[in-house]
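Participant: Dropping in coords.tsv, with TSV, C-alpha atoms.
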chain	number	residue	atom	x	y	z
A	280	MET	CA	22.83	35.98	68.08
A	281	ALA	CA	20.47	36.49	71.02
A	282	TRP	CA	20.91	40.25	70.66
A	283	ALA	CA	20.27	40.06	66.94
A	284	LYS	CA	17.09	38.06	67.55
A	285	GLN	CA	15.93	40.81	69.90
A	286	GLY	CA	16.44	43.26	67.08
A	287	HIS	CA	19.51	45.23	68.00
A	288	ASP	CA	20.81	47.19	65.04
A	289	ALA	CA	24.38	46.88	66.29
A	290	ALA	CA	24.08	43.11	66.53
A	291	PHE	CA	22.80	42.95	62.95
A	292	ARG	CA	25.72	45.02	61.78
A	293	GLU	CA	28.12	42.77	63.67
A	294	LEU	CA	26.71	39.71	61.91
A	295	VAL	CA	27.18	41.40	58.54
A	296	ARG	CA	30.71	42.46	59.47
A	297	ARG	CA	31.60	38.94	60.60
A	298	TYR	CA	30.22	37.06	57.61
A	299	GLU	CA	30.43	39.48	54.68
A	300	ARG	CA	33.86	38.27	53.50
A	301	PRO	CA	33.25	34.50	53.64
A	302	VAL	CA	29.77	34.84	52.12
A	303	PHE	CA	30.94	37.23	49.42
A	304	SER	CA	33.99	35.04	48.64
A	305	LEU	CA	31.84	31.93	48.23
A	306	LEU	CA	29.41	33.75	45.94
A	307	TYR	CA	32.15	35.44	43.94
A	308	ARG	CA	33.80	32.08	43.26
A	309	MET	CA	30.44	30.57	42.36
A	310	VAL	CA	29.34	33.25	39.87
A	311	ARG	CA	32.71	34.87	38.97
A	312	ASP	CA	31.24	38.34	38.68
A	313	ARG	CA	31.93	40.91	41.40
A	314	ALA	CA	28.84	43.05	40.97
A	315	LEU	CA	26.55	40.06	40.76
A	316	ALA	CA	28.20	38.35	43.75
A	317	GLU	CA	27.63	41.52	45.75
A	318	ASP	CA	23.96	41.64	44.74
A	319	LEU	CA	23.55	38.01	45.76
A	320	ALA	CA	25.42	38.59	49.04
A	321	GLN	CA	23.17	41.55	49.79
A	322	GLU	CA	20.09	39.48	48.98
A	323	THR	CA	21.40	36.73	51.29
A	324	PHE	CA	21.96	39.04	54.26
A	325	ILE	CA	18.61	40.77	53.82
A	326	LYS	CA	16.85	37.41	53.76
A	327	VAL	CA	18.78	36.19	56.81
A	328	LEU	CA	18.33	39.35	58.89
A	329	ASN	CA	14.67	39.83	58.00
A	330	GLY	CA	14.07	36.20	58.91
A	331	ILE	CA	16.24	36.14	62.01
A	332	LYS	CA	13.31	35.20	64.24
A	333	SER	CA	12.98	31.89	62.40
A	334	TYR	CA	16.65	31.01	63.05
A	335	ARG	CA	16.96	27.77	65.00
A	336	PRO	CA	19.93	27.92	67.38
A	337	GLU	CA	20.56	24.17	67.19
A	338	PHE	CA	22.10	24.90	63.76
A	339	LYS	CA	25.28	26.90	63.28
A	340	PHE	CA	24.45	30.42	62.15
A	341	SER	CA	27.17	30.21	59.49
A	342	SER	CA	25.57	27.04	58.08
A	343	TRP	CA	22.25	28.85	57.75
A	344	ILE	CA	23.76	31.83	55.96
A	345	PHE	CA	25.90	29.67	53.64
A	346	LYS	CA	22.85	27.61	52.77
A	347	ILE	CA	20.92	30.71	51.71
A	348	ALA	CA	23.93	32.10	49.82
A	349	ASN	CA	24.54	28.82	48.03
A	350	ASN	CA	20.87	28.53	47.03
A	351	ALA	CA	21.02	32.07	45.63
A	352	ALA	CA	24.10	31.19	43.57
A	353	ILE	CA	22.72	27.89	42.29
A	354	ASP	CA	19.39	29.53	41.35
A	355	HIS	CA	21.26	32.21	39.47
A	356	LEU	CA	23.47	29.71	37.63
A	357	ARG	CA	20.42	27.66	36.63
A	358	ARG	CA	18.65	30.75	35.29
A	359	LYS	CA	21.83	31.74	33.49
A	360	SER	CA	22.14	28.37	31.79
A	361	ILE	CA	18.57	28.80	30.47
A	362	ASP	CA	19.45	32.30	29.26
A	363	THR	CA	22.55	30.94	27.55
A	364	LEU	CA	20.42	28.58	25.49
A	365	SER	CA	18.37	31.52	24.32
A	366	LEU	CA	21.50	32.96	22.67
A	367	ASP	CA	20.67	30.61	19.81
A	368	GLY	CA	17.45	32.47	19.15
A	369	ALA	CA	13.94	32.77	20.56
A	370	PRO	CA	12.30	29.50	21.61
A	371	SER	CA	9.52	30.22	19.13
A	372	ALA	CA	11.96	30.44	16.20
A	373	GLU	CA	11.44	27.49	13.87
A	374	THR	CA	13.40	28.23	10.72
A	375	PRO	CA	17.12	29.11	10.45
A	376	ASP	CA	16.12	32.62	9.33
A	377	GLN	CA	13.91	33.13	12.38
A	378	MET	CA	16.69	31.84	14.61
A	379	ARG	CA	19.21	34.23	13.07
A	380	ALA	CA	16.80	37.13	13.38
A	381	THR	CA	16.19	36.52	17.09
A	382	GLN	CA	19.77	35.62	18.02
A	383	LEU	CA	21.52	37.74	20.60
A	384	GLN	CA	24.62	39.30	19.12
A	385	VAL	CA	27.56	38.99	21.45
A	386	GLY	CA	30.29	41.25	20.20
A	387	ASP	CA	33.77	41.90	21.51
A	388	ARG	CA	33.50	44.23	24.42
A	389	ALA	CA	36.23	46.38	25.88
A	390	GLU	CA	37.54	45.23	29.25
A	391	SER	CA	36.17	47.42	32.05
A	392	PRO	CA	38.13	48.25	35.22
A	393	LEU	CA	35.90	45.75	37.04
A	394	ASP	CA	36.80	43.05	34.50
A	395	GLU	CA	40.46	43.76	35.17
A	396	VAL	CA	39.93	43.33	38.92
A	397	GLU	CA	38.07	40.06	38.31
A	398	ASN	CA	40.80	38.78	36.01
A	399	ARG	CA	43.43	39.59	38.59
A	400	GLU	CA	41.48	38.08	41.49
A	401	LEU	CA	40.15	34.98	39.75
A	402	GLY	CA	42.82	34.50	37.10
A	403	THR	CA	45.13	32.10	38.93
A	404	ALA	CA	45.29	28.50	37.80
A	405	ILE	CA	43.49	27.17	40.88
A	406	GLU	CA	40.68	29.75	40.55
A	407	ARG	CA	40.23	28.89	36.87
A	408	ALA	CA	40.21	25.20	37.73
A	409	ILE	CA	37.52	25.77	40.39
A	410	ALA	CA	35.46	27.65	37.81
A	411	ARG	CA	35.43	24.56	35.58
A	412	LEU	CA	33.83	22.39	38.26
A	413	ARG	CA	30.11	21.72	38.32
A	414	PRO	CA	28.44	24.25	40.67
A	415	GLU	CA	27.47	21.47	43.12
A	416	TYR	CA	31.10	20.32	43.34
A	417	ARG	CA	32.28	23.90	43.62
A	418	SER	CA	30.19	24.76	46.69
A	419	CYS	CA	31.17	21.51	48.43
A	420	ILE	CA	34.89	21.92	47.81
A	421	LEU	CA	34.85	25.59	48.85
A	422	LEU	CA	32.99	24.85	52.09
A	423	ARG	CA	35.35	21.95	52.82
A	424	HIS	CA	38.74	23.48	52.13
A	425	VAL	CA	38.23	27.24	52.20
A	426	GLU	CA	35.74	27.44	55.06
A	427	GLY	CA	37.06	24.34	56.82
A	428	TYR	CA	33.66	22.65	57.20
A	429	SER	CA	33.45	18.96	58.05
A	430	TYR	CA	31.68	16.62	55.65
A	431	GLU	CA	28.79	16.38	58.12
A	432	GLU	CA	28.46	20.18	58.35
A	433	ILE	CA	28.41	20.46	54.56
A	434	ALA	CA	25.73	17.77	54.36
A	435	THR	CA	23.60	19.70	56.85
A	436	THR	CA	24.24	23.07	55.22
A	437	LEU	CA	23.51	21.96	51.68
A	438	GLU	CA	20.86	19.42	52.68
A	439	LEU	CA	22.65	16.62	50.86
A	440	PRO	CA	23.26	13.02	51.97
A	441	LEU	CA	26.68	12.58	53.56
A	442	GLY	CA	27.72	10.06	50.90
A	443	THR	CA	26.87	12.53	48.14
A	444	VAL	CA	28.99	15.22	49.79
A	445	LYS	CA	31.95	12.83	50.02
A	446	THR	CA	31.55	11.81	46.40
A	447	TYR	CA	31.31	15.43	45.22
A	448	ILE	CA	34.40	16.44	47.15
A	449	HIS	CA	36.50	13.51	46.00
A	450	ARG	CA	35.45	14.04	42.39
A	451	ALA	CA	36.06	17.76	42.66
A	452	ARG	CA	39.59	17.22	43.98
A	453	ASN	CA	40.28	14.68	41.23
A	454	GLU	CA	39.11	17.11	38.58
A	455	LEU	CA	41.13	19.94	40.10
A	456	ARG	CA	44.22	17.75	40.11
A	457	GLY	CA	43.62	16.92	36.48
A	458	TYR	CA	43.26	20.58	35.48
A	459	LEU	CA	46.27	21.69	37.51
A	460	GLU	CA	48.52	18.85	36.42
A	461	GLY	CA	47.49	19.42	32.81
A	462	ARG	CA	48.70	22.99	33.26
A	463	ARG	CA	52.04	21.86	34.68
A	464	GLU	CA	52.77	19.33	31.97
B	453	MET	CA	46.33	-7.87	55.50
B	454	THR	CA	47.89	-5.85	58.34
B	455	ASP	CA	47.20	-2.18	59.05
B	456	LEU	CA	50.59	-1.29	57.65
B	457	ALA	CA	50.10	-3.18	54.37
B	458	MET	CA	46.65	-1.78	53.55
B	459	HIS	CA	46.55	1.04	51.00
B	460	LEU	CA	45.28	4.36	52.31
B	461	THR	CA	41.67	5.25	51.55
B	462	THR	CA	40.73	8.61	50.02
B	463	ASP	CA	39.58	9.79	53.45
B	464	GLU	CA	42.87	8.73	55.01
B	465	ILE	CA	44.85	10.54	52.32
B	466	GLU	CA	42.90	13.70	53.10
B	467	LEU	CA	43.62	13.26	56.81
B	468	TRP	CA	47.32	12.74	56.03
B	469	ALA	CA	47.40	15.88	53.88
B	470	GLN	CA	46.05	17.79	56.88
B	471	GLY	CA	48.52	16.16	59.26
B	472	LEU	CA	45.73	14.30	61.05
B	473	LEU	CA	46.36	10.69	60.07
B	474	PRO	CA	47.41	8.44	62.98
B	475	ALA	CA	51.09	7.48	62.77
B	476	THR	CA	50.26	3.77	62.54
B	477	ARG	CA	48.55	4.37	59.18
B	478	ALA	CA	50.88	7.14	58.01
B	479	MET	CA	53.78	4.67	58.24
B	480	HIS	CA	52.30	2.87	55.24
B	481	LEU	CA	53.47	5.75	53.06
B	482	ALA	CA	57.11	4.95	53.77
B	483	ASP	CA	56.76	1.58	52.06
B	484	CYS	CA	54.13	2.22	49.38
B	485	SER	CA	55.14	4.42	46.47
B	486	LEU	CA	51.63	4.13	44.98
B	487	CYS	CA	50.01	5.73	48.01
B	488	ARG	CA	52.87	8.21	48.41
B	489	VAL	CA	52.42	9.57	44.88
B	490	GLU	CA	48.65	9.76	45.35
B	491	ALA	CA	49.00	11.46	48.73
B	492	ASP	CA	51.47	14.03	47.41
B	493	ARG	CA	49.18	14.93	44.52
B	494	GLU	CA	46.24	15.28	46.88
B	495	ARG	CA	48.22	17.41	49.31
B	496	LYS	CA	49.22	19.86	46.57
B	497	VAL	CA	45.59	20.50	45.63
B	498	ILE	CA	44.44	20.80	49.23
B	499	LEU	CA	47.27	23.22	49.95
B	500	GLU	CA	46.28	25.41	47.00
B	501	LEU	CA	42.67	25.40	48.18
B	502	VAL	CA	43.33	26.27	51.81
B	503	GLN	CA	45.57	29.14	50.76
B	504	LEU	CA	42.89	30.82	48.66
B	505	PRO	CA	42.33	34.42	49.78
B	506	GLN	CA	39.05	35.84	50.98
B	507	PHE	CA	37.56	38.73	49.04
B	508	SER	CA	35.70	41.76	50.34
B	509	PRO	CA	32.65	43.43	48.86
B	510	ARG	CA	32.84	47.17	48.13
B	511	ALA	CA	33.04	49.53	51.11
B	512	GLY	CA	29.66	50.37	52.63
B	513	PHE	CA	28.27	46.88	52.09
B	514	ALA	CA	26.81	46.70	55.63
B	515	ASP	CA	25.09	50.08	55.16
B	516	ARG	CA	23.53	48.94	51.90
B	517	VAL	CA	22.26	45.78	53.60
B	518	MET	CA	20.97	47.58	56.69
B	519	ALA	CA	19.07	50.08	54.55
B	520	GLN	CA	16.87	47.20	53.42
B	521	VAL	CA	16.55	45.32	56.70
B	522	LYS	CA	13.57	45.74	58.99
B	523	VAL	CA	14.99	45.91	62.49
B	524	PRO	CA	12.43	44.74	65.07
B	525	THR	CA	12.10	46.95	68.12
B	526	PRO	CA	11.75	45.43	71.61
B	527	SER	CA	8.01	46.28	71.44
B	528	GLY	CA	7.68	44.03	68.43
B	529	ASP	CA	7.30	46.84	65.88
B	530	TRP	CA	9.55	47.09	62.83
B	531	THR	CA	11.71	50.02	61.88
B	532	PRO	CA	13.06	50.39	58.34
Kindly present the structure from the file in structure tokens form.

Facilitator:
Amino acid sequence: MAWAKQGHDAAFRELVRRYERPVFSLLYRMVRDRALAEDLAQETFIKVLNGIKSYRPEFKFSSWIFKIANNAAIDHLRRKSIDTLSLDGAPSAETPDQMRATQLQVGDRAESPLDEVENRELGTAIERAIARLRPEYRSCILLRHVEGYSYEEIATTLELPLGTVKTYIHRARNELRGYLEGRRE
Amino acid sequence: MTDLAMHLTTDEIELWAQGLLPATRAMHLADCSLCRVEADRERKVILELVQLPQFSPRAGFADRVMAQVKVPTPSGDWTP
């Protein structure tokens, strides 16, 4: 980290090498789109490395980078949910005819090779169950059980009260159990 | 109620699933089918989660990042 703060290209590359998989995995599971997850991961690293001088060493570097990655994912998902509403037509549309005229037409689309990869990678029951969780639950449960963070570390990383983190994780596990047991029955 | 008779809390069940619950509390599971069923269900989910694989971005990811990072030089200047 000290080397990276002094601006050594090799140290920057080492940070990318060390964190690209965990950061990309978190984002991929949050947005479930490889290309988009990669864009968000790239955006995260650029923000982190360009702002390296503002890094405060009393915090874990991984917490800082996960915080930025998670914010990028949540921002994207919020924007997407607004876009999804617009599928029903332009906000200015007032009559059914206007709504129909401004509706986005979503037709069947052939599965691309990238879709196939995504289906293979994220098609297991547990991955599909994670996808059904609220984004806030999803990031907490992934940091807890995939990254092995403590509740306190998650609270610091996501800037949430400790009690909220515990509640999210317990609810997330309950929901996951429900989805998975529903599958088994 | 003694330590042994008290049902496990959610936090304790998580600790048990990770093999971290003190034996004095874990012994409760031998006598309590309610907690045992709950703990087994919890362990299955946790096990599935911890076994999730990590994914990699496409090759050349670091190069694509570094192309857009301004690396400060020791003099304080920035190089693209």

Participant: Can you work out the spacing between atom CA of Glu490 of chain B and atom CA of Glu464 of chain B in Å, to one decimal?

Facilitator: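 Spanning atom CA of Glu490 of chain B to atom CA of Glu464 of chain B is a straight-line distance of 11.3 Å.
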
Participant: Counting all atoms listed in the file, which residues from chain B have an atom at most 6 Å from any atom of chain A, and could you show them as an mmCIF file with C-alpha atoms, in the coordinates of the input?

Facilitator:
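After the write, iface_26.cif holds the following:
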data_model
loop_
_atom_site.group_PDB
_atom_site.id
_atom_site.type_symbol
_atom_site.label_atom_id
_atom_site.label_comp_id
_atom_site.auth_asym_id
_atom_site.auth_seq_id
_atom_site.Cartn_x
_atom_site.Cartn_y
_atom_site.Cartn_z
ATOM 1 C CA LEU B 501 42.670 25.400 48.180
ATOM 2 C CA VAL B 502 43.330 26.270 51.810
ATOM 3 C CA GLN B 506 39.050 35.840 50.980
ATOM 4 C CA PHE B 507 37.560 38.730 49.040
ATOM 5 C CA SER B 508 35.700 41.760 50.340
ATOM 6 C CA VAL B 517 22.260 45.780 53.600
ATOM 7 C CA VAL B 521 16.550 45.320 56.700
ATOM 8 C CA VAL B 523 14.990 45.910 62.490
ATOM 9 C CA PRO B 524 12.430 44.740 65.070
ATOM 10 C CA THR B 525 12.100 46.950 68.120
#

Participant: Give the answer as one residue: which of A:Tyr447, A:Ala290, A:Lys339, A:Asp312 has the shortest atom-to-atom distance to Asn398 of chain A, using only C-alpha atoms?

Facilitator: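 Checking each candidate against Asn398 of chain A, we get A:Asp312 as the closest.
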
Participant: Restricting the calculation to only C-alpha atoms: of B:Cys484, B:Glu494, B:Gln520, B:Gly471, which residue gets closest to Met458 of chain B?

Facilitator: B:Cys484

Participant: For Ile353 of chain A, find every residue with an atom within 12 Å (counting only C-alpha atoms), except residues of its own chain fewer than 2 positions away, and show them as an MDAnalysis selection string.

Facilitator: chainID A and resid 305:306 308:310 316 319 345:351 355:360 413:418 437
